[in-house]
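> Handing over start-v9.cif, mmCIF, C-alpha atoms; chains and numbers go by the auth columns.
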data_protein
loop_
_atom_site.group_PDB
_atom_site.id
_atom_site.type_symbol
_atom_site.label_atom_id
_atom_site.label_comp_id
_atom_site.label_asym_id
_atom_site.label_seq_id
_atom_site.Cartn_x
_atom_site.Cartn_y
_atom_site.Cartn_z
_atom_site.B_iso_or_equiv
_atom_site.auth_seq_id
_atom_site.auth_asym_id
ATOM 1 C CA ALA A 1 -41.248 -124.598 8.869 0.00 1 D
ATOM 2 C CA ALA A 2 -40.710 -128.330 8.891 0.00 2 D
ATOM 3 C CA GLY A 3 -40.981 -130.043 5.545 0.00 3 D
ATOM 4 C CA VAL A 4 -41.367 -133.578 4.296 0.00 4 D
ATOM 5 C CA ILE A 5 -38.162 -135.566 4.692 0.00 5 D
ATOM 6 C CA GLN A 6 -37.191 -138.382 2.398 0.00 6 D
ATOM 7 C CA SER A 7 -34.287 -140.757 2.630 0.00 7 D
ATOM 8 C CA PRO A 8 -32.117 -141.674 1.006 0.00 8 D
ATOM 9 C CA ARG A 9 -31.896 -138.877 -1.546 0.00 9 D
ATOM 10 C CA HIS A 10 -30.095 -141.069 -4.027 0.00 10 D
ATOM 11 C CA LEU A 11 -30.049 -144.836 -4.370 0.00 11 D
ATOM 12 C CA ILE A 12 -28.356 -147.085 -6.870 0.00 12 D
ATOM 13 C CA LYS A 13 -29.401 -150.709 -7.157 0.00 13 D
ATOM 14 C CA GLU A 14 -28.870 -153.624 -9.482 0.00 14 D
ATOM 15 C CA LYS A 15 -31.677 -155.402 -11.313 0.00 15 D
ATOM 16 C CA ARG A 16 -33.610 -157.865 -9.177 0.00 16 D
ATOM 17 C CA GLU A 17 -32.434 -156.223 -5.954 0.00 17 D
ATOM 18 C CA THR A 18 -34.721 -154.658 -3.362 0.00 18 D
ATOM 19 C CA ALA A 19 -34.958 -151.084 -2.173 0.00 19 D
ATOM 20 C CA THR A 20 -36.640 -149.310 0.711 0.00 20 D
ATOM 21 C CA LEU A 21 -37.499 -145.635 0.572 0.00 21 D
ATOM 22 C CA LYS A 22 -38.484 -143.708 3.671 0.00 22 D
ATOM 23 C CA CYS A 23 -40.705 -140.707 4.159 0.00 23 D
ATOM 24 C CA TYR A 24 -41.199 -138.558 7.237 0.00 24 D
ATOM 25 C CA PRO A 25 -44.272 -136.349 6.887 0.00 25 D
ATOM 26 C CA ILE A 26 -44.740 -132.859 8.215 0.00 26 D
ATOM 27 C CA PRO A 27 -45.631 -133.014 11.934 0.00 27 D
ATOM 28 C CA ARG A 28 -49.361 -133.467 12.591 0.00 28 D
ATOM 29 C CA HIS A 29 -50.007 -134.510 9.002 0.00 29 D
ATOM 30 C CA ASP A 30 -52.044 -137.691 8.941 0.00 30 D
ATOM 31 C CA THR A 31 -51.831 -138.675 5.282 0.00 31 D
ATOM 32 C CA VAL A 32 -48.875 -139.779 3.200 0.00 32 D
ATOM 33 C CA TYR A 33 -48.804 -140.198 -0.567 0.00 33 D
ATOM 34 C CA TRP A 34 -46.209 -141.792 -2.831 0.00 34 D
ATOM 35 C CA TYR A 35 -45.634 -140.658 -6.409 0.00 35 D
ATOM 36 C CA GLN A 36 -43.289 -141.901 -9.104 0.00 36 D
ATOM 37 C CA GLN A 37 -41.869 -139.622 -11.779 0.00 37 D
ATOM 38 C CA GLY A 38 -39.960 -141.206 -14.635 0.00 38 D
ATOM 39 C CA PRO A 39 -37.525 -139.243 -16.794 0.00 39 D
ATOM 40 C CA GLY A 40 -39.394 -136.583 -18.750 0.00 40 D
ATOM 41 C CA GLN A 41 -42.726 -137.715 -17.357 0.00 41 D
ATOM 42 C CA ASP A 42 -45.314 -136.269 -15.014 0.00 42 D
ATOM 43 C CA PRO A 43 -45.701 -137.557 -11.454 0.00 43 D
ATOM 44 C CA GLN A 44 -47.881 -140.658 -11.158 0.00 44 D
ATOM 45 C CA PHE A 45 -49.677 -141.568 -7.968 0.00 45 D
ATOM 46 C CA LEU A 46 -48.728 -144.908 -6.450 0.00 46 D
ATOM 47 C CA ILE A 47 -50.373 -145.307 -3.069 0.00 47 D
ATOM 48 C CA SER A 48 -51.510 -143.377 -0.030 0.00 48 D
ATOM 49 C CA PHE A 49 -52.113 -143.920 3.672 0.00 49 D
ATOM 50 C CA TYR A 50 -54.410 -142.139 6.075 0.00 50 D
ATOM 51 C CA GLU A 51 -54.000 -142.746 9.784 0.00 51 D
ATOM 52 C CA LYS A 52 -51.764 -145.756 9.074 0.00 52 D
ATOM 53 C CA MET A 53 -54.310 -147.461 6.842 0.00 53 D
ATOM 54 C CA GLN A 54 -54.045 -147.692 3.071 0.00 54 D
ATOM 55 C CA SER A 55 -56.490 -145.164 1.739 0.00 55 D
ATOM 56 C CA ASP A 56 -56.012 -145.219 -2.009 0.00 56 D
ATOM 57 C CA LYS A 57 -54.105 -147.142 -4.597 0.00 57 D
ATOM 58 C CA GLY A 58 -52.857 -145.946 -7.935 0.00 58 D
ATOM 59 C CA SER A 59 -50.572 -147.498 -10.488 0.00 59 D
ATOM 60 C CA ILE A 60 -48.356 -149.294 -8.013 0.00 60 D
ATOM 61 C CA PRO A 61 -46.767 -152.514 -9.300 0.00 61 D
ATOM 62 C CA ASP A 62 -47.375 -155.702 -7.338 0.00 62 D
ATOM 63 C CA ARG A 63 -43.630 -155.825 -6.673 0.00 63 D
ATOM 64 C CA PHE A 64 -43.990 -152.698 -4.567 0.00 64 D
ATOM 65 C CA SER A 65 -45.539 -152.442 -1.137 0.00 65 D
ATOM 66 C CA ALA A 66 -45.800 -149.682 1.408 0.00 66 D
ATOM 67 C CA GLN A 67 -46.936 -149.028 4.910 0.00 67 D
ATOM 68 C CA GLN A 68 -47.348 -146.208 7.381 0.00 68 D
ATOM 69 C CA PHE A 69 -46.085 -146.680 10.913 0.00 69 D
ATOM 70 C CA SER A 70 -47.361 -145.533 14.278 0.00 70 D
ATOM 71 C CA ASP A 71 -45.177 -142.412 14.127 0.00 71 D
ATOM 72 C CA TYR A 72 -46.734 -141.651 10.715 0.00 72 D
ATOM 73 C CA HIS A 73 -43.574 -142.182 8.735 0.00 73 D
ATOM 74 C CA SER A 74 -43.965 -144.345 5.680 0.00 74 D
ATOM 75 C CA GLU A 75 -41.789 -146.779 3.790 0.00 75 D
ATOM 76 C CA LEU A 76 -42.031 -147.860 0.178 0.00 76 D
ATOM 77 C CA ASN A 77 -40.580 -151.299 -0.398 0.00 77 D
ATOM 78 C CA MET A 78 -39.594 -152.244 -3.903 0.00 78 D
ATOM 79 C CA SER A 79 -38.550 -155.762 -4.848 0.00 79 D
ATOM 80 C CA SER A 80 -37.264 -157.452 -8.003 0.00 80 D
ATOM 81 C CA LEU A 81 -36.180 -154.085 -9.308 0.00 81 D
ATOM 82 C CA GLU A 82 -36.308 -153.513 -13.045 0.00 82 D
ATOM 83 C CA LEU A 83 -34.555 -150.971 -15.196 0.00 83 D
ATOM 84 C CA GLY A 84 -37.878 -149.216 -15.705 0.00 84 D
ATOM 85 C CA ASP A 85 -38.155 -148.527 -11.999 0.00 85 D
ATOM 86 C CA SER A 86 -35.457 -145.894 -12.340 0.00 86 D
ATOM 87 C CA ALA A 87 -37.247 -142.691 -11.425 0.00 87 D
ATOM 88 C CA LEU A 88 -37.741 -139.995 -8.876 0.00 88 D
ATOM 89 C CA TYR A 89 -39.958 -141.093 -6.025 0.00 89 D
ATOM 90 C CA PHE A 90 -41.752 -138.362 -4.171 0.00 90 D
ATOM 91 C CA CYS A 91 -43.544 -138.533 -0.905 0.00 91 D
ATOM 92 C CA ALA A 92 -46.158 -135.950 -0.035 0.00 92 D
ATOM 93 C CA SER A 93 -48.059 -135.369 3.160 0.00 93 D
ATOM 94 C CA SER A 94 -51.237 -133.570 4.072 0.00 94 D
ATOM 95 C CA ARG A 95 -53.678 -133.143 6.873 0.00 95 D
ATOM 96 C CA LYS A 96 -57.228 -134.179 6.137 0.00 96 D
ATOM 97 C CA GLY A 97 -59.353 -131.087 5.883 0.00 97 D
ATOM 98 C CA LEU A 98 -62.779 -130.456 7.249 0.00 98 D
ATOM 99 C CA ALA A 99 -65.833 -131.584 5.292 0.00 99 D
ATOM 100 C CA GLY A 100 -66.391 -129.253 2.376 0.00 100 D
ATOM 101 C CA SER A 101 -62.747 -128.247 2.162 0.00 101 D
ATOM 102 C CA THR A 102 -59.721 -129.830 0.613 0.00 102 D
ATOM 103 C CA ASP A 103 -56.284 -130.503 1.984 0.00 103 D
ATOM 104 C CA THR A 104 -53.034 -129.375 0.431 0.00 104 D
ATOM 105 C CA GLN A 105 -50.254 -131.825 -0.299 0.00 105 D
ATOM 106 C CA TYR A 106 -46.686 -130.879 0.455 0.00 106 D
ATOM 107 C CA PHE A 107 -44.002 -132.768 -1.377 0.00 107 D
ATOM 108 C CA GLY A 108 -40.615 -133.924 -0.206 0.00 108 D
ATOM 109 C CA PRO A 109 -37.391 -133.505 -2.186 0.00 109 D
ATOM 110 C CA GLY A 110 -37.640 -136.998 -3.614 0.00 110 D
ATOM 111 C CA THR A 111 -35.439 -140.066 -3.807 0.00 111 D
ATOM 112 C CA ARG A 112 -33.695 -140.668 -7.093 0.00 112 D
ATOM 113 C CA LEU A 113 -33.549 -144.402 -7.715 0.00 113 D
ATOM 114 C CA THR A 114 -31.248 -145.698 -10.393 0.00 114 D
ATOM 115 C CA VAL A 115 -31.474 -149.354 -11.348 0.00 115 D
ATOM 116 C CA LEU A 116 -28.493 -150.703 -13.247 0.00 116 D
ATOM 117 C CA LEU B 1 -59.279 -139.600 -18.849 0.00 1 R
ATOM 118 C CA ALA B 2 -57.484 -136.319 -18.477 0.00 2 R
ATOM 119 C CA LYS B 3 -59.354 -133.865 -16.309 0.00 3 R
ATOM 120 C CA THR B 4 -57.359 -130.775 -17.197 0.00 4 R
ATOM 121 C CA THR B 5 -55.863 -129.294 -20.350 0.00 5 R
ATOM 122 C CA GLN B 6 -53.033 -126.781 -20.344 0.00 6 R
ATOM 123 C CA PRO B 7 -50.686 -125.373 -22.979 0.00 7 R
ATOM 124 C CA ILE B 8 -47.599 -127.527 -23.308 0.00 8 R
ATOM 125 C CA SER B 9 -45.209 -124.612 -23.137 0.00 9 R
ATOM 126 C CA MET B 10 -45.010 -120.842 -22.810 0.00 10 R
ATOM 127 C CA ASP B 11 -42.230 -118.322 -23.209 0.00 11 R
ATOM 128 C CA SER B 12 -41.880 -115.007 -21.443 0.00 12 R
ATOM 129 C CA TYR B 13 -39.358 -112.341 -20.533 0.00 13 R
ATOM 130 C CA GLU B 14 -38.285 -111.159 -17.152 0.00 14 R
ATOM 131 C CA GLY B 15 -40.601 -108.579 -15.630 0.00 15 R
ATOM 132 C CA GLN B 16 -43.628 -109.598 -17.650 0.00 16 R
ATOM 133 C CA GLU B 17 -46.875 -110.947 -16.294 0.00 17 R
ATOM 134 C CA VAL B 18 -47.577 -114.531 -17.275 0.00 18 R
ATOM 135 C CA ASN B 19 -51.042 -116.029 -17.444 0.00 19 R
ATOM 136 C CA ILE B 20 -51.461 -119.782 -17.794 0.00 20 R
ATOM 137 C CA THR B 21 -54.967 -120.974 -18.508 0.00 21 R
ATOM 138 C CA CYS B 22 -56.196 -124.430 -17.641 0.00 22 R
ATOM 139 C CA SER B 23 -59.356 -126.009 -19.002 0.00 23 R
ATOM 140 C CA HIS B 24 -61.379 -128.347 -16.789 0.00 24 R
ATOM 141 C CA ASN B 25 -64.734 -128.722 -18.483 0.00 25 R
ATOM 142 C CA ASN B 26 -65.844 -131.653 -16.334 0.00 26 R
ATOM 143 C CA ILE B 27 -65.094 -130.112 -12.985 0.00 27 R
ATOM 144 C CA ALA B 28 -67.397 -131.405 -10.270 0.00 28 R
ATOM 145 C CA THR B 29 -69.372 -129.201 -7.935 0.00 29 R
ATOM 146 C CA ASN B 30 -67.125 -129.785 -4.956 0.00 30 R
ATOM 147 C CA ASP B 31 -63.777 -129.832 -6.778 0.00 31 R
ATOM 148 C CA TYR B 32 -61.083 -127.353 -5.887 0.00 32 R
ATOM 149 C CA ILE B 33 -58.472 -126.139 -8.369 0.00 33 R
ATOM 150 C CA THR B 34 -54.849 -126.329 -7.305 0.00 34 R
ATOM 151 C CA TRP B 35 -51.665 -125.240 -9.022 0.00 35 R
ATOM 152 C CA TYR B 36 -48.218 -126.664 -8.391 0.00 36 R
ATOM 153 C CA GLN B 37 -44.793 -125.580 -9.612 0.00 37 R
ATOM 154 C CA GLN B 38 -42.011 -128.050 -10.262 0.00 38 R
ATOM 155 C CA PHE B 39 -38.334 -127.408 -10.898 0.00 39 R
ATOM 156 C CA PRO B 40 -36.197 -130.159 -12.463 0.00 40 R
ATOM 157 C CA SER B 41 -35.449 -132.982 -10.046 0.00 41 R
ATOM 158 C CA GLN B 42 -37.441 -131.354 -7.252 0.00 42 R
ATOM 159 C CA GLY B 43 -40.778 -132.151 -5.710 0.00 43 R
ATOM 160 C CA PRO B 44 -43.831 -130.188 -6.856 0.00 44 R
ATOM 161 C CA ARG B 45 -44.405 -127.085 -4.796 0.00 45 R
ATOM 162 C CA PHE B 46 -47.866 -125.824 -3.923 0.00 46 R
ATOM 163 C CA ILE B 47 -48.584 -122.393 -5.391 0.00 47 R
ATOM 164 C CA ILE B 48 -52.241 -121.584 -4.950 0.00 48 R
ATOM 165 C CA GLN B 49 -55.668 -123.128 -4.590 0.00 49 R
ATOM 166 C CA GLY B 50 -59.152 -121.824 -5.191 0.00 50 R
ATOM 167 C CA TYR B 51 -62.784 -122.726 -5.630 0.00 51 R
ATOM 168 C CA LYS B 52 -64.320 -119.719 -7.329 0.00 52 R
ATOM 169 C CA THR B 53 -63.726 -116.070 -8.246 0.00 53 R
ATOM 170 C CA LYS B 54 -60.256 -114.828 -7.395 0.00 54 R
ATOM 171 C CA VAL B 55 -57.609 -115.916 -4.956 0.00 55 R
ATOM 172 C CA THR B 56 -54.358 -114.069 -4.378 0.00 56 R
ATOM 173 C CA ASN B 57 -51.316 -114.854 -2.304 0.00 57 R
ATOM 174 C CA GLU B 58 -47.780 -113.548 -2.145 0.00 58 R
ATOM 175 C CA VAL B 59 -46.744 -115.598 -5.149 0.00 59 R
ATOM 176 C CA ALA B 60 -49.612 -115.645 -7.628 0.00 60 R
ATOM 177 C CA SER B 61 -53.260 -114.995 -8.365 0.00 61 R
ATOM 178 C CA LEU B 62 -55.844 -117.480 -9.484 0.00 62 R
ATOM 179 C CA PHE B 63 -58.838 -116.406 -11.512 0.00 63 R
ATOM 180 C CA ILE B 64 -61.825 -118.706 -11.774 0.00 64 R
ATOM 181 C CA PRO B 65 -64.860 -117.675 -13.852 0.00 65 R
ATOM 182 C CA ALA B 66 -68.388 -118.303 -12.674 0.00 66 R
ATOM 183 C CA ASP B 67 -68.823 -121.517 -14.680 0.00 67 R
ATOM 184 C CA ARG B 68 -65.537 -122.872 -13.214 0.00 68 R
ATOM 185 C CA LYS B 69 -64.738 -124.681 -16.465 0.00 69 R
ATOM 186 C CA SER B 70 -61.360 -123.004 -16.638 0.00 70 R
ATOM 187 C CA SER B 71 -58.913 -121.194 -14.430 0.00 71 R
ATOM 188 C CA THR B 72 -55.995 -118.859 -14.995 0.00 72 R
ATOM 189 C CA LEU B 73 -52.828 -118.748 -12.974 0.00 73 R
ATOM 190 C CA SER B 74 -51.280 -115.299 -13.060 0.00 74 R
ATOM 191 C CA LEU B 75 -47.637 -114.773 -12.170 0.00 75 R
ATOM 192 C CA PRO B 76 -46.782 -111.085 -11.839 0.00 76 R
ATOM 193 C CA ARG B 77 -43.403 -109.835 -13.016 0.00 77 R
ATOM 194 C CA VAL B 78 -41.731 -113.189 -13.617 0.00 78 R
ATOM 195 C CA SER B 79 -38.031 -113.698 -13.128 0.00 79 R
ATOM 196 C CA LEU B 80 -35.615 -116.275 -14.477 0.00 80 R
ATOM 197 C CA SER B 81 -36.209 -118.362 -11.358 0.00 81 R
ATOM 198 C CA ASP B 82 -39.848 -118.844 -12.364 0.00 82 R
ATOM 199 C CA THR B 83 -38.736 -121.099 -15.196 0.00 83 R
ATOM 200 C CA ALA B 84 -40.437 -124.365 -14.279 0.00 84 R
ATOM 201 C CA VAL B 85 -43.302 -126.701 -15.083 0.00 85 R
ATOM 202 C CA TYR B 86 -46.689 -125.597 -13.788 0.00 86 R
ATOM 203 C CA TYR B 87 -49.418 -128.131 -13.117 0.00 87 R
ATOM 204 C CA CYS B 88 -53.122 -127.433 -12.828 0.00 88 R
ATOM 205 C CA LEU B 89 -54.978 -130.062 -10.829 0.00 89 R
ATOM 206 C CA VAL B 90 -58.616 -130.526 -10.061 0.00 90 R
ATOM 207 C CA GLY B 91 -59.691 -132.218 -6.865 0.00 91 R
ATOM 208 C CA ASP B 92 -61.668 -135.407 -6.876 0.00 92 R
ATOM 209 C CA GLU B 93 -64.043 -134.556 -4.068 0.00 93 R
ATOM 210 C CA ASP B 94 -66.912 -136.493 -5.636 0.00 94 R
ATOM 211 C CA THR B 95 -65.053 -139.782 -5.331 0.00 95 R
ATOM 212 C CA GLY B 96 -63.316 -138.808 -2.143 0.00 96 R
ATOM 213 C CA ARG B 97 -59.976 -139.514 -3.722 0.00 97 R
ATOM 214 C CA ARG B 98 -57.360 -137.201 -2.279 0.00 98 R
ATOM 215 C CA ALA B 99 -54.452 -138.310 -4.430 0.00 99 R
ATOM 216 C CA LEU B 100 -53.383 -135.909 -7.144 0.00 100 R
ATOM 217 C CA THR B 101 -53.737 -136.810 -10.795 0.00 101 R
ATOM 218 C CA PHE B 102 -51.084 -134.930 -12.694 0.00 102 R
ATOM 219 C CA GLY B 103 -51.706 -134.213 -16.329 0.00 103 R
ATOM 220 C CA SER B 104 -49.192 -132.687 -18.655 0.00 104 R
ATOM 221 C CA GLY B 105 -48.132 -129.401 -17.175 0.00 105 R
ATOM 222 C CA THR B 106 -47.072 -126.176 -18.810 0.00 106 R
ATOM 223 C CA ARG B 107 -43.373 -125.673 -19.264 0.00 107 R
ATOM 224 C CA LEU B 108 -42.676 -121.972 -18.697 0.00 108 R
ATOM 225 C CA GLN B 109 -39.400 -120.593 -19.987 0.00 109 R
ATOM 226 C CA VAL B 110 -38.451 -117.107 -18.820 0.00 110 R
ATOM 227 C CA GLN B 111 -35.816 -115.318 -20.880 0.00 111 R
ATOM 228 C CA PRO B 112 -33.658 -112.406 -19.703 0.00 112 R
#
How does the structure come out when it is put into structure tokens?


Amino acid sequence: AAGVIQSPRHLIKEKRETATLKCYPIPRHDTVYWYQQGPGQDPQFLISFYEKMQSDKGSIPDRFSAQQFSDYHSELNMSSLELGDSALYFCASSRKGLAGSTDTQYFGPGTRLTVL
Amino acid sequence: LAKTTQPISMDSYEGQEVNITCSHNNIATNDYITWYQQFPSQGPRFIIQGYKTKVTNEVASLFIPADRKSSTLSLPRVSLSDTAVYYCLVGDEDTGRRALTFGSGTRLQVQP
């Protein structure tokens, strides 16, 4: 079965540079979520999109932005990178369930961002 | 505010059954309970989800008592490859928020 695809898998940047992470959700999934997981930490929700509109916002820094495109893929743009941005960035996708049910999120393999 | 509480770590041996209990005293009426497994440097993987009583799939069972204030993930006959972090998450149906709030999971170590 098709899974969530993320690219690149690894990315090395210098401080103050920019980075763009891409996520391709499972076909027919309408919602994309972005999570950040620092070393030794638990995943933290950043932002999500449903049907190409931002649906929820978590602890996403102002330096970061994201969008979902017409083909449902999403991009996370990160500017003025800091050392503390070094982390694993996961994308997850789901399909909105019917009322009274809940959808299941499926995670991609992640992008490991290293800021030097 | 953390919505779930799990043991920080557990140890087991191959072939044993492992039960990980999660406390969610403030669970809302419409919340579902979902468990994820995460290996180092990999994305969390969905294991099982339930609302009440018992749910079983090919990987695990989930037991939820009538008051739904806790749940127990049961892994039958664990192997070394089950060594991972296990997260218990409670849905946020009351607020409509679909994003997952990860608490501190349970680090399961399976020994030979």

> Report as a ChimeraX atom specification the residues that result from applying the PyMOL selection byres ((chain R) within 9 of (chain D)) to the structure here.

/R:30-32,34,41-46,49,91,93,97-105

> Write a file of the selected residues as an mmCIF file, in the frame of the given file, keeping C-alpha atoms.


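Full text of again.cif as output:
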data_model
loop_
_atom_site.group_PDB
_atom_site.id
_atom_site.type_symbol
_atom_site.label_atom_id
_atom_site.label_comp_id
_atom_site.auth_asym_id
_atom_site.auth_seq_id
_atom_site.Cartn_x
_atom_site.Cartn_y
_atom_site.Cartn_z
ATOM 1 C CA ASN R 30 -67.125 -129.785 -4.956
ATOM 2 C CA ASP R 31 -63.777 -129.832 -6.778
ATOM 3 C CA TYR R 32 -61.083 -127.353 -5.887
ATOM 4 C CA THR R 34 -54.849 -126.329 -7.305
ATOM 5 C CA SER R 41 -35.449 -132.982 -10.046
ATOM 6 C CA GLN R 42 -37.441 -131.354 -7.252
ATOM 7 C CA GLY R 43 -40.778 -132.151 -5.710
ATOM 8 C CA PRO R 44 -43.831 -130.188 -6.856
ATOM 9 C CA ARG R 45 -44.405 -127.085 -4.796
ATOM 10 C CA PHE R 46 -47.866 -125.824 -3.923
ATOM 11 C CA GLN R 49 -55.668 -123.128 -4.590
ATOM 12 C CA GLY R 91 -59.691 -132.218 -6.865
ATOM 13 C CA GLU R 93 -64.043 -134.556 -4.068
ATOM 14 C CA ARG R 97 -59.976 -139.514 -3.722
ATOM 15 C CA ARG R 98 -57.360 -137.201 -2.279
ATOM 16 C CA ALA R 99 -54.452 -138.310 -4.430
ATOM 17 C CA LEU R 100 -53.383 -135.909 -7.144
ATOM 18 C CA THR R 101 -53.737 -136.810 -10.795
ATOM 19 C CA PHE R 102 -51.084 -134.930 -12.694
ATOM 20 C CA GLY R 103 -51.706 -134.213 -16.329
ATOM 21 C CA SER R 104 -49.192 -132.687 -18.655
ATOM 22 C CA GLY R 105 -48.132 -129.401 -17.175
#

> My list of candidates is R:Glu58, R:Leu108, R:Cys88, R:Leu75. Which is closest to Ile33 of chain R when distances are computed with all atoms listed in the file?

R:Cys88

> Report the distance between atom CA of Ser23 of chain R and atom CA of Ser71 of chain R in Å, rounded to one decimal place.

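Distance between the two atoms: 6.7 Å.
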
> If I take atom CA of Tyr86 of chain R and atom CA of Ile20 of chain R, how far is one from the other in Å, to one decimal?

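These atoms are spaced 8.5 Å apart.
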
> Pick out the closest residue to Tyr51 of chain R from this set: R:Thr29, R:Gln38, R:Ser74, R:Thr5. Count only C-alpha atoms.

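Closest to Tyr51 of chain R of all the choices is R:Thr29.
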
> Can you list what the PyMOL selection byres ((chain R and resi 7) around 8) grabs from this structure, as a ChimeraX atom specification?

/R:5-6,8-10,20-22,105-106

> With C-alpha atoms retained, write the just-selected residues as a PDB file, in the coordinates of the input.


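So again_32.pdb came out as:
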ATOM      1  CA  THR R   5     -55.863-129.294 -20.350  1.00  0.00           C
ATOM      2  CA  GLN R   6     -53.033-126.781 -20.344  1.00  0.00           C
ATOM      3  CA  ILE R   8     -47.599-127.527 -23.308  1.00  0.00           C
ATOM      4  CA  SER R   9     -45.209-124.612 -23.137  1.00  0.00           C
ATOM      5  CA  MET R  10     -45.010-120.842 -22.810  1.00  0.00           C
ATOM      6  CA  ILE R  20     -51.461-119.782 -17.794  1.00  0.00           C
ATOM      7  CA  THR R  21     -54.967-120.974 -18.508  1.00  0.00           C
ATOM      8  CA  CYS R  22     -56.196-124.430 -17.641  1.00  0.00           C
ATOM      9  CA  GLY R 105     -48.132-129.401 -17.175  1.00  0.00           C
ATOM     10  CA  THR R 106     -47.072-126.176 -18.810  1.00  0.00           C
TER      11      THR R 106
END

> Using all atoms listed in the file, which residues sit within 7 Å of Ile5 of chain D once same-chain residues fewer than 6 positions away are excluded, as a list in words?

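Skipping anything fewer than 6 positions along the chain leaves Cys23, Tyr24, Pro25 and Gly108 of chain D.
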
> Using only C-alpha atoms, which of R:Val18, R:Ser61, R:Gln111, R:Asp82 sits nearest Trp35 of chain R?

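Closest candidate: R:Ser61.
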
> Quick one: pull the distance between atom CA of Leu21 of chain D and atom CA of Ile60 of chain D, Å, one decimal.

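One can read the atom CA of Leu21 of chain D to atom CA of Ile60 of chain D distance as 14.3 Å.
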